[in-house]
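Structure first, commentary second.
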Amino acid sequence: MHEATLTIGQLADRSGVAPSALRYYERLGLISAARTGGNQRRYARTELRRVAFVRISQQVGVSLDEIREALDSLPAGRTPTPEDWAALSRAWRDRLDERIRLLGKLRDDLDGCIGCGCLSLQRCTLYNPGDSLAAEGPGARLVLPRD
């Protein structure tokens, strides 16, 4: 096979992702591979960038469905250009800014929780006496944006 391609083991070694996860990503359409005459997977080196994008997106809480939607916006049949990646970034900017805001709020709220040790429920930013917020819907109603 052409030296510009990687076996699944090589892609796993280079990306730090287990072969089973790479096969799963392929099944979901996040990455793609060509097949040899013996039906072995061969990945273009450009798939390393896609795997890295999947990994970091997952680490910041982006779902695989959202990741697939973003990757589907990239051109098929050619290596994405910096402009292609910039367009994807612009499309995600508001979503990522909101995640950053929520992470900052969580960090700040946790600082308060660690300080109080839940000994003072009157000051607790997460305290929900009698589950009064249940009527507003599921989830962390005091932390997540309200609809």
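Each chain of the structure tokens is named A, B, ... in the order shown, its residues numbered from 1; ligands are numbered from 1 in display order.
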Would you kindly return, as an MDAnalysis selection string, each protein, DNA or RNA residue with an atom no farther than 6 Å from any atom of region 39-45 of chain A, considering only C-alpha atoms and excluding same-chain residues fewer than 6 positions away? chainID A and resid 5:7 33
Just the selected residues (N, CA and C atoms), exported as a PDB file, in the first residue's frame, please.
```pdb
ATOM      1  N   THR A   5      -0.437   6.214   3.517  1.00  0.00           N
ATOM      2  CA  THR A   5      -1.558   5.704   4.297  1.00  0.00           C
ATOM      3  C   THR A   5      -1.054   5.034   5.577  1.00  0.00           C
ATOM      4  N   LEU A   6      -1.965   4.882   6.505  1.00  0.00           N
ATOM      5  CA  LEU A   6      -1.647   4.273   7.792  1.00  0.00           C
ATOM      6  C   LEU A   6      -2.537   3.067   8.021  1.00  0.00           C
ATOM      7  N   THR A   7      -1.974   2.052   8.639  1.00  0.00           N
ATOM      8  CA  THR A   7      -2.802   0.925   9.083  1.00  0.00           C
ATOM      9  C   THR A   7      -3.564   1.376  10.317  1.00  0.00           C
ATOM     10  N   ALA A  33     -11.813   5.041   5.798  1.00  0.00           N
ATOM     11  CA  ALA A  33     -10.643   4.258   5.415  1.00  0.00           C
ATOM     12  C   ALA A  33     -10.888   3.600   4.068  1.00  0.00           C
TER      13      ALA A  33
END
```
Identify, on the basis of only C-alpha atoms, every residue whose closest approach to Ala12 (chain A) does not exceed 10 Å; exclude the query and any residue fewer than 5 positions from it along the same chain; express the result as a VMD selection string. chain A and resid 6 to 7 17 to 22 48 51
Quick one: pull the distance between CA of Gly16 (chain A) and CA of Ala52 (chain A), Å, one decimal. 9.2 Å
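For the choices A:Phe53, A:Ser132, A:Ile100, A:Asp108, the atom-to-atom distance to Leu30 (chain A) is smallest for A:Phe53 when using only C-alpha atoms.
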Can you pull out every residue from region 2-38 of chain A that DSSP, working from the backbone, puts in strand (DSSP E or B), and format the result as a ChimeraX atom specification? /A:5-6,34-35
Since we have the selection now, will you write its residues out, keeping all heavy atoms, as a short mmCIF file (atom, residue, chain, number, x, y, z; two decimals), in the first residue's frame?
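The resulting file, again15.cif, is reproduced below:
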```cif
data_model
loop_
_atom_site.label_atom_id
_atom_site.label_comp_id
_atom_site.auth_asym_id
_atom_site.auth_seq_id
_atom_site.Cartn_x
_atom_site.Cartn_y
_atom_site.Cartn_z
N THR A 5 -0.44 6.21 3.52
CA THR A 5 -1.56 5.70 4.30
C THR A 5 -1.05 5.03 5.58
O THR A 5 0.12 4.69 5.70
CB THR A 5 -2.39 4.68 3.49
OG1 THR A 5 -1.56 3.57 3.14
CG2 THR A 5 -2.96 5.32 2.23
N LEU A 6 -1.96 4.88 6.51
CA LEU A 6 -1.65 4.27 7.79
C LEU A 6 -2.54 3.07 8.02
O LEU A 6 -3.72 3.09 7.68
CB LEU A 6 -1.91 5.28 8.93
CG LEU A 6 -1.15 6.60 8.89
CD1 LEU A 6 -1.74 7.59 9.89
CD2 LEU A 6 0.32 6.36 9.18
N ALA A 34 -9.82 3.46 3.32
CA ALA A 34 -9.86 2.65 2.11
C ALA A 34 -9.58 1.22 2.53
O ALA A 34 -9.14 0.95 3.66
CB ALA A 34 -8.80 3.14 1.12
N ARG A 35 -9.85 0.27 1.67
CA ARG A 35 -9.60 -1.15 1.96
C ARG A 35 -8.62 -1.72 0.96
O ARG A 35 -8.65 -1.39 -0.23
CB ARG A 35 -10.90 -1.96 1.90
CG ARG A 35 -11.96 -1.57 2.92
CD ARG A 35 -11.51 -1.88 4.33
NE ARG A 35 -12.53 -1.52 5.29
CZ ARG A 35 -12.89 -2.29 6.29
NH1 ARG A 35 -12.30 -3.45 6.48
NH2 ARG A 35 -13.80 -1.89 7.13
#
```
Have a look at CA of Arg49 (chain A) and CA of Ser63 (chain A) and let me know their distance in Å, one decimal. 17.8 Å
Within 10 Å of Leu103 (chain A) using only C-alpha atoms, minus same-chain residues under 5 positions, as a PyMOL selection string: chain A and resi 60+97-98+108-109+143
Keeping N, CA, C and O atoms, export the residues of the selection given above as a short mmCIF file (atom, residue, chain, number, x, y, z; two decimals), in the first residue's frame.
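The resulting again_32.cif:
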```
data_model
loop_
_atom_site.label_atom_id
_atom_site.label_comp_id
_atom_site.auth_asym_id
_atom_site.auth_seq_id
_atom_site.Cartn_x
_atom_site.Cartn_y
_atom_site.Cartn_z
N VAL A 60 -14.28 18.38 25.54
CA VAL A 60 -14.95 19.58 26.00
C VAL A 60 -16.47 19.42 26.01
O VAL A 60 -17.20 20.38 26.17
N ASP A 97 -18.35 29.32 23.09
CA ASP A 97 -18.37 30.42 24.05
C ASP A 97 -19.34 30.13 25.20
O ASP A 97 -19.05 30.42 26.36
N GLU A 98 -20.50 29.56 24.88
CA GLU A 98 -21.47 29.21 25.92
C GLU A 98 -20.92 28.13 26.84
O GLU A 98 -21.08 28.19 28.06
N ASP A 108 -16.53 28.73 39.41
CA ASP A 108 -16.78 29.73 40.44
C ASP A 108 -17.74 29.21 41.51
O ASP A 108 -17.55 29.46 42.70
N ASP A 109 -18.79 28.51 41.08
CA ASP A 109 -19.74 27.95 42.04
C ASP A 109 -19.08 26.88 42.90
O ASP A 109 -19.35 26.79 44.10
N VAL A 143 -27.76 26.12 37.50
CA VAL A 143 -26.50 26.30 36.79
C VAL A 143 -26.73 26.48 35.30
O VAL A 143 -26.17 27.38 34.69
#
```
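Counting only C-alpha atoms, the residue from A:Ala70, A:Val62, A:Leu133, A:Leu110 that sits nearest to Ala86 (chain A) is A:Ala70.
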Might you pull out every residue within 12 Å of Gly77 (chain A), with only C-alpha atoms counted and same-chain residues fewer than 3 positions away left off, and present them as a ChimeraX atom specification? /A:32,44,46,72,74,80
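Nearest to Ala87 (chain A) of all the residues A:Ser57, A:Leu71, A:Arg107, A:Leu102 is A:Leu71, based on only C-alpha atoms.
As for CA of Glu69 (chain A) and CA of Leu96 (chain A), they are spaced 15.1 Å apart.
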